[in-house]
Amino acid sequence: MAAIDGLSSLVDLENGTISREVFVNEEIYRQEQEQIFARAWLFIGHESQIPNRGDFFISRMGEESVILTRDRRNKIHVFLNTCRHRGMKVCRYDAGNTQTFSCPYHGWTYDIDGRLVGVPNVQEAYDDRFDRSQWGLIEVPQMENYKGSIWATWDKGAPPFLDYIGDYKVYLDTLFDGYDGREGGAEVLDGVHIWRMPCNWKFPATTFGGDAAHAISHRSTLVAAYGPQGEGDRHGARQDAPQTRYEIGMPDLGHGCHIHMHSKDEPYTPTWQTMPNVEDYFRSAWESRQAKMIGNLYFEVGAATVFPNASWASGIRRTMAVWHPHGPQMTEAWRFYLVDKTTPPEARDALRRYHMRYSGPAGMTEQDDMENWNYASAASKGTIARRYPYNYQMRLGVEPVPDVPLPGFVSPILAEQNQRYRFKRWLEFMESPSWDEIYPKAVTAVGRQNGR
Amino acid sequence: MVAEQTRTRDAAIERLLLVCEIEEFLFAEAELLDQHHYSEWLDLFTEDAHYFMPIRRNVKYGEQDRESTSDETDVSWFDEGKGTLAGRVRQLATGYHWAEEPQSRTTHMVTNVQIVDAGPQEVSVRSRFLVYRNRLMDETDFFVGKREDVLRRDGDSWKIARRKILLDQKVLLAKNVTVFF
């Protein structure tokens, strides 16, 4: 097993190689829980999952269960799902509405805002010296409601969420803004896919973070033909000309995506031909968005990852998938599907069905990903296998595509530049003792100056 | 009195024959799946078939109506018609659907067959399933749960018009679902 202080020798960005230890080593996995998952901003859920006061939804941060709640004063909280007395889960329902969480073990009771409000026999048993105010549910020190999406970090020294995503915001906005370009207004469909995959969490996170080369694994989807209108290509007809497709990596932040860029005067591409009402809805949304566009900037994001483990797509496949570490060789995936609150029922139904046949463990596209991640992990564990690094040399030393007015490092398709940036960021998190080293304050400004 | 007994007995035999017929149909269906005869399996579905596997939820006592996701508004594991099932069958036959290449070994066990309602054209049937999947060297999954079918008469045989599959898992413990139920 590699020693932790030798991490930089495992990630060789100059030569484009990364040791398999990074993906299989148990000590590195344990260290990731401290260095990455206890410090980074993580995706929790969406405010639409807790619309009313008293609502809660159980989510997860890294290896641990958390509760997303909306209190009586309409404030949103994220708590660790564990009783302060002996650690029992205070909530074992998936979601619901409540005034309090009462621990089944010894009866400690917490208000939905996290305050400890009841301890059985407190006066006799604790001699009146018990200070309930010190024993509320453990709450994240920082939480952000970004256009309805809820993010949190366990590190009070982490930079604000908007600095954490930096210039990547323009990409992420295509997930949380409306089909017609309005700001925010999304909601999560009821029903979250949760499943376990025997692979290291970095496989899905890296594939989604802009690995467009893996599309070849989905060749069988052409025959399956289950596009938006119920037939044809899995993505439907869209602008697939290579010159409008790019891979984006954020050199200082580690986020990545691959995108299809659209111009302001580009006409709507028919997508839902067999469903005239749905087609009308999306055509009209497209036209409204074109009218609102400033400059020549709109893109659909085919696949993307916010460092470390929040993967997403936009366009008509608006989903968020979080890859929770569940052991060095196991990942628990949570997949959320988004639509606009104002999307009419017929279009909502078409999207819902498209999501189900495309995505998740029963989805015709992603079943094959899970096979690849599973056996790539398994075949990298061996003593001999670990001696041979993975190859990340595709377009090593590539220059950014000139004259593309987009933030981040813009590579042509195909390249592995965004994956190299991702592992650069991974190394920074793993080696840095505090956020002062991980996140130099001037990072965003410098990025802009460099035309990234 | 004797006539009454005969009628009761005839009705019981009638019912027993129906149970046997339905069981034979469901067992033959399982056989097609385990032998990977997916096109023939697909032919067992009506053109308007609905194939539905909700996600299960952990809910409070008394809120059992919320225990499964809805087929009208929610995301489920499967919620589709024959057209999408046909796409899945085509994908399995490509030889490069890597999640099922090489093919998994499966065994579909169908038990506890109960006729809930028998009309002239349709019967509602409940059953339990245990689907065993083993692939490559040692990868093994068990899918266990309940099915609620509506079967429709089709000449001498039956077609599946509706199938609701209640997998008894909240977190899907298999990495993917490449099997049919």
# chains A, B, ... in the order shown; residues from 1 in each chain; ligands from 1

$ residues_around --residues "A:Pro120" --least-positions-apart "4" --cutoff "9 Å" --atoms "only C-alpha atoms" --output "NGL selection string"
:A and (106-109 or 125)

$ write_last_selection --atoms "C-alpha atoms" --output "tab-separated table (two decimals), in the first residue's frame"
chain	number	residue	atom	x	y	z
A	106	HIS	CA	-33.77	6.59	24.91
A	107	GLY	CA	-36.33	9.12	23.81
A	108	TRP	CA	-34.24	12.23	23.24
A	109	THR	CA	-36.43	14.50	21.14
A	125	ALA	CA	-31.64	11.93	36.25

$ residues_around --residues "stretch 302-307 of chain A" --least-positions-apart "3" --cutoff "7 Å" --atoms "only C-alpha atoms" --output "list in words"
Ala205, Phe208, Gly209, Gly210, Gly254, His255, Gly256, Cys257, His258, Ile259, Ala310, Ser311, Trp312, Ala313 and Ser314 of chain A

$ interface_residues --of "chain B" --to "chain A" --cutoff "8 Å" --atoms "only C-alpha atoms" --output "PyMOL selection string"
chain B and resi 55+57-60+69+72-80+83-84+86-91+94+96-99+170-178

$ write_last_selection --atoms "N, CA and C atoms" --output "JSON list (two decimals), in the first residue's frame"
[["chain", "number", "residue", "atom", "x", "y", "z"],
["B", 55, "ILE", "N", -40.46, 2.45, -7.10],
["B", 55, "ILE", "CA", -39.45, 2.52, -6.04],
["B", 55, "ILE", "C", -40.21, 2.40, -4.72],
["B", 57, "ARG", "N", -40.66, 2.97, -0.59],
["B", 57, "ARG", "CA", -40.28, 4.00, 0.38],
["B", 57, "ARG", "C", -40.46, 3.48, 1.81],
["B", 58, "ASN", "N", -39.68, 4.05, 2.72],
["B", 58, "ASN", "CA", -39.88, 3.80, 4.15],
["B", 58, "ASN", "C", -40.86, 4.84, 4.66],
["B", 59, "VAL", "N", -42.05, 4.39, 5.08],
["B", 59, "VAL", "CA", -43.09, 5.34, 5.52],
["B", 59, "VAL", "C", -43.59, 4.96, 6.90],
["B", 60, "LYS", "N", -44.26, 5.93, 7.54],
["B", 60, "LYS", "CA", -44.84, 5.70, 8.86],
["B", 60, "LYS", "C", -46.00, 4.71, 8.78],
["B", 69, "THR", "N", -43.78, 4.47, -5.33],
["B", 69, "THR", "CA", -43.94, 5.62, -6.22],
["B", 69, "THR", "C", -45.11, 5.39, -7.19],
["B", 72, "GLU", "N", -48.22, 7.53, -12.24],
["B", 72, "GLU", "CA", -48.77, 8.67, -12.97],
["B", 72, "GLU", "C", -47.85, 9.88, -12.94],
["B", 73, "THR", "N", -47.14, 10.04, -11.81],
["B", 73, "THR", "CA", -46.39, 11.29, -11.66],
["B", 73, "THR", "C", -44.92, 11.10, -11.30],
["B", 74, "ASP", "N", -44.55, 9.93, -10.79],
["B", 74, "ASP", "CA", -43.24, 9.80, -10.15],
["B", 74, "ASP", "C", -42.24, 9.04, -11.03],
["B", 75, "VAL", "N", -41.01, 9.08, -10.58],
["B", 75, "VAL", "CA", -39.96, 8.26, -11.18],
["B", 75, "VAL", "C", -39.98, 6.89, -10.50],
["B", 76, "SER", "N", -39.94, 5.84, -11.30],
["B", 76, "SER", "CA", -39.91, 4.48, -10.78],
["B", 76, "SER", "C", -38.71, 3.76, -11.38],
["B", 77, "TRP", "N", -38.56, 2.48, -11.08],
["B", 77, "TRP", "CA", -37.49, 1.72, -11.74],
["B", 77, "TRP", "C", -37.86, 1.46, -13.19],
["B", 78, "PHE", "N", -39.09, 1.00, -13.41],
["B", 78, "PHE", "CA", -39.64, 0.84, -14.76],
["B", 78, "PHE", "C", -41.05, 1.41, -14.77],
["B", 79, "ASP", "N", -41.42, 2.06, -15.85],
["B", 79, "ASP", "CA", -42.81, 2.48, -16.05],
["B", 79, "ASP", "C", -42.95, 2.67, -17.54],
["B", 80, "GLU", "N", -43.30, 1.61, -18.24],
["B", 80, "GLU", "CA", -43.21, 1.68, -19.69],
["B", 80, "GLU", "C", -44.19, 0.74, -20.37],
["B", 83, "GLY", "N", -43.48, -0.82, -26.39],
["B", 83, "GLY", "CA", -42.47, -0.22, -27.28],
["B", 83, "GLY", "C", -41.10, -0.15, -26.62],
["B", 84, "THR", "N", -41.08, 0.28, -25.35],
["B", 84, "THR", "CA", -39.80, 0.38, -24.63],
["B", 84, "THR", "C", -39.26, -1.01, -24.31],
["B", 86, "ALA", "N", -39.66, -3.56, -26.10],
["B", 86, "ALA", "CA", -39.11, -4.05, -27.37],
["B", 86, "ALA", "C", -37.71, -3.49, -27.60],
["B", 87, "GLY", "N", -37.48, -2.23, -27.22],
["B", 87, "GLY", "CA", -36.15, -1.62, -27.33],
["B", 87, "GLY", "C", -35.15, -2.38, -26.46],
["B", 88, "ARG", "N", -35.58, -2.75, -25.27],
["B", 88, "ARG", "CA", -34.69, -3.51, -24.37],
["B", 88, "ARG", "C", -34.35, -4.87, -24.97],
["B", 89, "VAL", "N", -35.36, -5.50, -25.57],
["B", 89, "VAL", "CA", -35.12, -6.82, -26.19],
["B", 89, "VAL", "C", -34.16, -6.68, -27.37],
["B", 90, "ARG", "N", -34.32, -5.64, -28.18],
["B", 90, "ARG", "CA", -33.39, -5.41, -29.31],
["B", 90, "ARG", "C", -31.97, -5.19, -28.79],
["B", 91, "GLN", "N", -31.88, -4.43, -27.70],
["B", 91, "GLN", "CA", -30.55, -4.14, -27.14],
["B", 91, "GLN", "C", -29.86, -5.42, -26.67],
["B", 94, "THR", "N", -28.06, -7.40, -29.38],
["B", 94, "THR", "CA", -26.99, -6.81, -30.20],
["B", 94, "THR", "C", -25.68, -7.58, -30.10],
["B", 96, "TYR", "N", -23.49, -6.55, -28.10],
["B", 96, "TYR", "CA", -22.57, -5.59, -27.49],
["B", 96, "TYR", "C", -23.27, -4.68, -26.47],
["B", 97, "HIS", "N", -24.31, -5.24, -25.86],
["B", 97, "HIS", "CA", -24.91, -4.59, -24.68],
["B", 97, "HIS", "C", -24.12, -5.16, -23.50],
["B", 98, "TRP", "N", -23.05, -4.45, -23.10],
["B", 98, "TRP", "CA", -22.02, -5.01, -22.25],
["B", 98, "TRP", "C", -22.53, -5.47, -20.89],
["B", 99, "ALA", "N", -23.60, -4.85, -20.41],
["B", 99, "ALA", "CA", -24.15, -5.25, -19.12],
["B", 99, "ALA", "C", -24.69, -6.68, -19.17],
["B", 170, "LYS", "N", -35.53, -1.21, -0.86],
["B", 170, "LYS", "CA", -35.60, 0.25, -0.94],
["B", 170, "LYS", "C", -34.39, 0.75, -1.74],
["B", 171, "VAL", "N", -33.19, 0.41, -1.25],
["B", 171, "VAL", "CA", -31.97, 0.68, -2.02],
["B", 171, "VAL", "C", -31.77, -0.54, -2.92],
["B", 172, "LEU", "N", -31.71, -0.32, -4.20],
["B", 172, "LEU", "CA", -31.46, -1.44, -5.12],
["B", 172, "LEU", "C", -30.05, -1.95, -4.86],
["B", 173, "LEU", "N", -29.95, -3.23, -4.49],
["B", 173, "LEU", "CA", -28.65, -3.76, -4.10],
["B", 173, "LEU", "C", -27.89, -4.36, -5.27],
["B", 174, "ALA", "N", -28.53, -4.45, -6.41],
["B", 174, "ALA", "CA", -27.83, -4.87, -7.62],
["B", 174, "ALA", "C", -27.34, -3.62, -8.33],
["B", 175, "LYS", "N", -26.22, -3.74, -9.03],
["B", 175, "LYS", "CA", -25.67, -2.53, -9.68],
["B", 175, "LYS", "C", -26.54, -2.06, -10.83],
["B", 176, "ASN", "N", -27.29, -2.99, -11.43],
["B", 176, "ASN", "CA", -28.21, -2.60, -12.50],
["B", 176, "ASN", "C", -29.31, -3.64, -12.63],
["B", 177, "VAL", "N", -30.31, -3.32, -13.43],
["B", 177, "VAL", "CA", -31.42, -4.26, -13.62],
["B", 177, "VAL", "C", -31.49, -4.61, -15.10],
["B", 178, "THR", "N", -30.84, -5.70, -15.46],
["B", 178, "THR", "CA", -30.84, -6.13, -16.86],
["B", 178, "THR", "C", -31.79, -7.30, -17.06]]

$ select_by_dssp --residues "stretch 334-422 of chain A" --states "helix (DSSP H, G or I)" --output "ChimeraX atom specification"
/A:345-358,366-378,385-387,417-422

$ write_last_selection --atoms "N, CA, C and O atoms" --output "compact mmCIF listing (two decimals), in the first residue's frame"
# COMPACT_ATOMS: atom_id res chain seq x y z
N PRO A 345 -48.46 18.80 -17.64
CA PRO A 345 -48.44 17.37 -17.33
C PRO A 345 -47.97 16.48 -18.48
O PRO A 345 -47.22 15.54 -18.25
N GLU A 346 -48.38 16.78 -19.69
CA GLU A 346 -48.02 15.88 -20.80
C GLU A 346 -46.51 15.88 -21.04
O GLU A 346 -45.90 14.83 -21.26
N ALA A 347 -45.91 17.07 -20.99
CA ALA A 347 -44.46 17.16 -21.20
C ALA A 347 -43.71 16.55 -20.02
O ALA A 347 -42.69 15.88 -20.18
N ARG A 348 -44.24 16.77 -18.84
CA ARG A 348 -43.65 16.21 -17.63
C ARG A 348 -43.63 14.68 -17.72
O ARG A 348 -42.65 14.02 -17.39
N ASP A 349 -44.75 14.13 -18.20
CA ASP A 349 -44.86 12.68 -18.33
C ASP A 349 -43.87 12.15 -19.37
O ASP A 349 -43.24 11.11 -19.17
N ALA A 350 -43.72 12.88 -20.47
CA ALA A 350 -42.79 12.46 -21.52
C ALA A 350 -41.36 12.47 -20.99
O ALA A 350 -40.58 11.54 -21.24
N LEU A 351 -41.01 13.50 -20.21
CA LEU A 351 -39.67 13.60 -19.64
C LEU A 351 -39.41 12.49 -18.63
O LEU A 351 -38.36 11.86 -18.62
N ARG A 352 -40.42 12.27 -17.78
CA ARG A 352 -40.33 11.25 -16.75
C ARG A 352 -40.03 9.88 -17.37
O ARG A 352 -39.13 9.16 -16.95
N ARG A 353 -40.76 9.55 -18.42
CA ARG A 353 -40.57 8.25 -19.07
C ARG A 353 -39.22 8.18 -19.77
O ARG A 353 -38.55 7.14 -19.77
N TYR A 354 -38.81 9.28 -20.38
CA TYR A 354 -37.51 9.33 -21.06
C TYR A 354 -36.38 9.13 -20.04
O TYR A 354 -35.45 8.35 -20.28
N HIS A 355 -36.49 9.81 -18.90
CA HIS A 355 -35.49 9.64 -17.84
C HIS A 355 -35.36 8.17 -17.45
O HIS A 355 -34.27 7.64 -17.31
N MET A 356 -36.51 7.52 -17.24
CA MET A 356 -36.48 6.15 -16.73
C MET A 356 -35.88 5.18 -17.73
O MET A 356 -35.19 4.24 -17.34
N ARG A 357 -36.14 5.37 -19.04
CA ARG A 357 -35.59 4.39 -19.98
C ARG A 357 -34.14 4.70 -20.33
O ARG A 357 -33.43 3.85 -20.84
N TYR A 358 -33.69 5.91 -20.01
CA TYR A 358 -32.32 6.32 -20.33
C TYR A 358 -31.36 6.08 -19.15
O TYR A 358 -30.27 5.55 -19.32
N GLU A 366 -27.27 3.53 -19.11
CA GLU A 366 -26.33 3.51 -17.99
C GLU A 366 -26.05 2.13 -17.43
O GLU A 366 -25.09 1.95 -16.67
N GLN A 367 -26.86 1.13 -17.82
CA GLN A 367 -26.55 -0.24 -17.40
C GLN A 367 -25.12 -0.62 -17.79
O GLN A 367 -24.41 -1.28 -17.02
N ASP A 368 -24.75 -0.21 -19.00
CA ASP A 368 -23.42 -0.60 -19.50
C ASP A 368 -22.30 0.14 -18.74
O ASP A 368 -21.23 -0.42 -18.52
N ASP A 369 -22.57 1.39 -18.33
CA ASP A 369 -21.59 2.11 -17.52
C ASP A 369 -21.28 1.32 -16.25
O ASP A 369 -20.13 1.23 -15.82
N MET A 370 -22.34 0.79 -15.64
CA MET A 370 -22.17 0.13 -14.34
C MET A 370 -21.34 -1.15 -14.49
O MET A 370 -20.57 -1.50 -13.60
N GLU A 371 -21.53 -1.82 -15.61
CA GLU A 371 -20.69 -3.01 -15.88
C GLU A 371 -19.22 -2.58 -16.01
O GLU A 371 -18.33 -3.22 -15.43
N ASN A 372 -18.98 -1.51 -16.74
CA ASN A 372 -17.60 -1.05 -16.94
C ASN A 372 -16.96 -0.60 -15.63
O ASN A 372 -15.82 -0.95 -15.33
N TRP A 373 -17.68 0.20 -14.85
CA TRP A 373 -17.11 0.70 -13.59
C TRP A 373 -16.83 -0.46 -12.63
O TRP A 373 -15.81 -0.47 -11.94
N ASN A 374 -17.76 -1.41 -12.59
CA ASN A 374 -17.63 -2.58 -11.71
C ASN A 374 -16.34 -3.33 -12.00
O ASN A 374 -15.50 -3.51 -11.11
N TYR A 375 -16.16 -3.73 -13.25
CA TYR A 375 -15.03 -4.62 -13.54
C TYR A 375 -13.72 -3.86 -13.79
O TYR A 375 -12.65 -4.46 -13.68
N ALA A 376 -13.79 -2.57 -14.06
CA ALA A 376 -12.57 -1.76 -14.08
C ALA A 376 -12.02 -1.67 -12.66
O ALA A 376 -10.82 -1.82 -12.42
N SER A 377 -12.92 -1.47 -11.69
CA SER A 377 -12.49 -1.44 -10.28
C SER A 377 -11.90 -2.79 -9.89
O SER A 377 -10.82 -2.87 -9.31
N ALA A 378 -12.65 -3.86 -10.20
CA ALA A 378 -12.25 -5.19 -9.75
C ALA A 378 -10.89 -5.59 -10.33
O ALA A 378 -10.07 -6.19 -9.64
N ALA A 385 -1.63 -5.61 -10.99
CA ALA A 385 -2.39 -4.57 -11.69
C ALA A 385 -2.03 -3.19 -11.14
O ALA A 385 -1.89 -2.22 -11.90
N ARG A 386 -1.84 -3.11 -9.82
CA ARG A 386 -1.57 -1.80 -9.20
C ARG A 386 -0.24 -1.19 -9.64
O ARG A 386 -0.02 0.00 -9.46
N ARG A 387 0.62 -2.01 -10.18
CA ARG A 387 1.92 -1.47 -10.61
C ARG A 387 1.82 -0.67 -11.90
O ARG A 387 2.76 0.01 -12.29
N GLN A 417 -8.32 16.42 -21.00
CA GLN A 417 -7.81 17.54 -20.24
C GLN A 417 -8.63 17.78 -18.97
O GLN A 417 -8.08 18.01 -17.90
N ASN A 418 -9.96 17.70 -19.10
CA ASN A 418 -10.79 17.97 -17.91
C ASN A 418 -10.58 16.89 -16.83
O ASN A 418 -10.66 17.16 -15.65
N GLN A 419 -10.26 15.67 -17.27
CA GLN A 419 -9.99 14.63 -16.27
C GLN A 419 -8.65 14.88 -15.57
O GLN A 419 -8.50 14.62 -14.38
N ARG A 420 -7.69 15.41 -16.34
CA ARG A 420 -6.40 15.73 -15.71
C ARG A 420 -6.59 16.86 -14.68
O ARG A 420 -6.03 16.81 -13.58
N TYR A 421 -7.41 17.85 -15.01
CA TYR A 421 -7.68 18.92 -14.04
C TYR A 421 -8.40 18.39 -12.80
O TYR A 421 -8.18 18.84 -11.68
N ARG A 422 -9.26 17.44 -13.04
CA ARG A 422 -10.00 16.85 -11.93
C ARG A 422 -9.04 16.20 -10.94
O ARG A 422 -9.17 16.35 -9.73

$ closest_residue --among "A:Arg20, A:Ser102, A:His326, A:Ala40" --to "A:Thr153" --atoms "only C-alpha atoms"
A:Ala40

$ atom_distance --atom1 "atom CA of A:Val410" --atom2 "atom CA of A:Phe37"
27.6 Å

$ atom_distance --atom1 "atom CA of B:Thr111" --atom2 "atom CA of B:Arg147"
10.2 Å

$ closest_residue --among "B:Asp10, B:Glu31, B:Glu139, B:Glu24" --to "B:Val113" --atoms "only C-alpha atoms"
B:Glu24

$ select_by_dssp --residues "stretch 84-197 of chain A" --states "strand (DSSP E)" --output "VMD selection string"
chain A and resid 95 to 97 100 to 102 109 to 111 116 to 118 142 to 146 149 to 153 186 to 188 193 to 197

$ closest_residue --among "B:His36, B:Arg126, B:Arg105, B:Arg15" --to "B:Asp138" --atoms "only C-alpha atoms"
B:Arg105

$ residues_around --residues "stretch 72-87 of chain A" --least-positions-apart "3" --cutoff "7 Å" --atoms "only C-alpha atoms" --output "list in words"
Arg53, Gly54, Ser65, Val66, Ile67, Leu68, Thr69, Val90, Cys91, Cys103, Asp113, Trp135, Leu137, Ile138, Glu139 and Val140 of chain A

$ residues_around --residues "A:Gly315" --least-positions-apart "6" --cutoff "9 Å" --atoms "only C-alpha atoms" --output "PDB file with N, CA, C and O atoms, in the first residue's frame"
ATOM      1  N   THR A 174     -27.573  25.805 -16.261  1.00  0.00           N
ATOM      2  CA  THR A 174     -28.465  25.150 -17.230  1.00  0.00           C
ATOM      3  C   THR A 174     -29.202  23.975 -16.604  1.00  0.00           C
ATOM      4  O   THR A 174     -30.172  23.488 -17.164  1.00  0.00           O
ATOM      5  N   LEU A 175     -28.739  23.531 -15.430  1.00  0.00           N
ATOM      6  CA  LEU A 175     -29.467  22.475 -14.708  1.00  0.00           C
ATOM      7  C   LEU A 175     -30.606  23.062 -13.883  1.00  0.00           C
ATOM      8  O   LEU A 175     -31.698  22.501 -13.823  1.00  0.00           O
ATOM      9  N   TYR A 179     -36.325  25.596 -18.844  1.00  0.00           N
ATOM     10  CA  TYR A 179     -36.134  25.292 -20.272  1.00  0.00           C
ATOM     11  C   TYR A 179     -36.221  26.573 -21.099  1.00  0.00           C
ATOM     12  O   TYR A 179     -35.615  26.686 -22.151  1.00  0.00           O
ATOM     13  N   PHE A 299     -25.856  26.356 -24.080  1.00  0.00           N
ATOM     14  CA  PHE A 299     -25.347  25.009 -24.302  1.00  0.00           C
ATOM     15  C   PHE A 299     -26.137  24.027 -23.486  1.00  0.00           C
ATOM     16  O   PHE A 299     -26.693  24.344 -22.441  1.00  0.00           O
ATOM     17  N   GLU A 300     -26.211  22.832 -24.019  1.00  0.00           N
ATOM     18  CA  GLU A 300     -26.725  21.714 -23.246  1.00  0.00           C
ATOM     19  C   GLU A 300     -25.523  20.957 -22.734  1.00  0.00           C
ATOM     20  O   GLU A 300     -24.559  20.750 -23.471  1.00  0.00           O
ATOM     21  N   VAL A 301     -25.603  20.566 -21.493  1.00  0.00           N
ATOM     22  CA  VAL A 301     -24.491  19.850 -20.898  1.00  0.00           C
ATOM     23  C   VAL A 301     -24.806  18.358 -20.943  1.00  0.00           C
ATOM     24  O   VAL A 301     -25.789  17.895 -20.365  1.00  0.00           O
ATOM     25  N   GLY A 302     -23.972  17.628 -21.676  1.00  0.00           N
ATOM     26  CA  GLY A 302     -24.215  16.202 -21.870  1.00  0.00           C
ATOM     27  C   GLY A 302     -23.922  15.405 -20.615  1.00  0.00           C
ATOM     28  O   GLY A 302     -24.661  14.497 -20.250  1.00  0.00           O
TER      29      GLY A 302
END

$ closest_residue --among "A:Gln229, A:Thr100, A:Gln35, A:Ser411" --to "A:Pro276" --atoms "only C-alpha atoms"
A:Gln229

$ atom_distance --atom1 "atom CA of A:Glu26" --atom2 "atom CA of A:Asn200"
10.5 Å
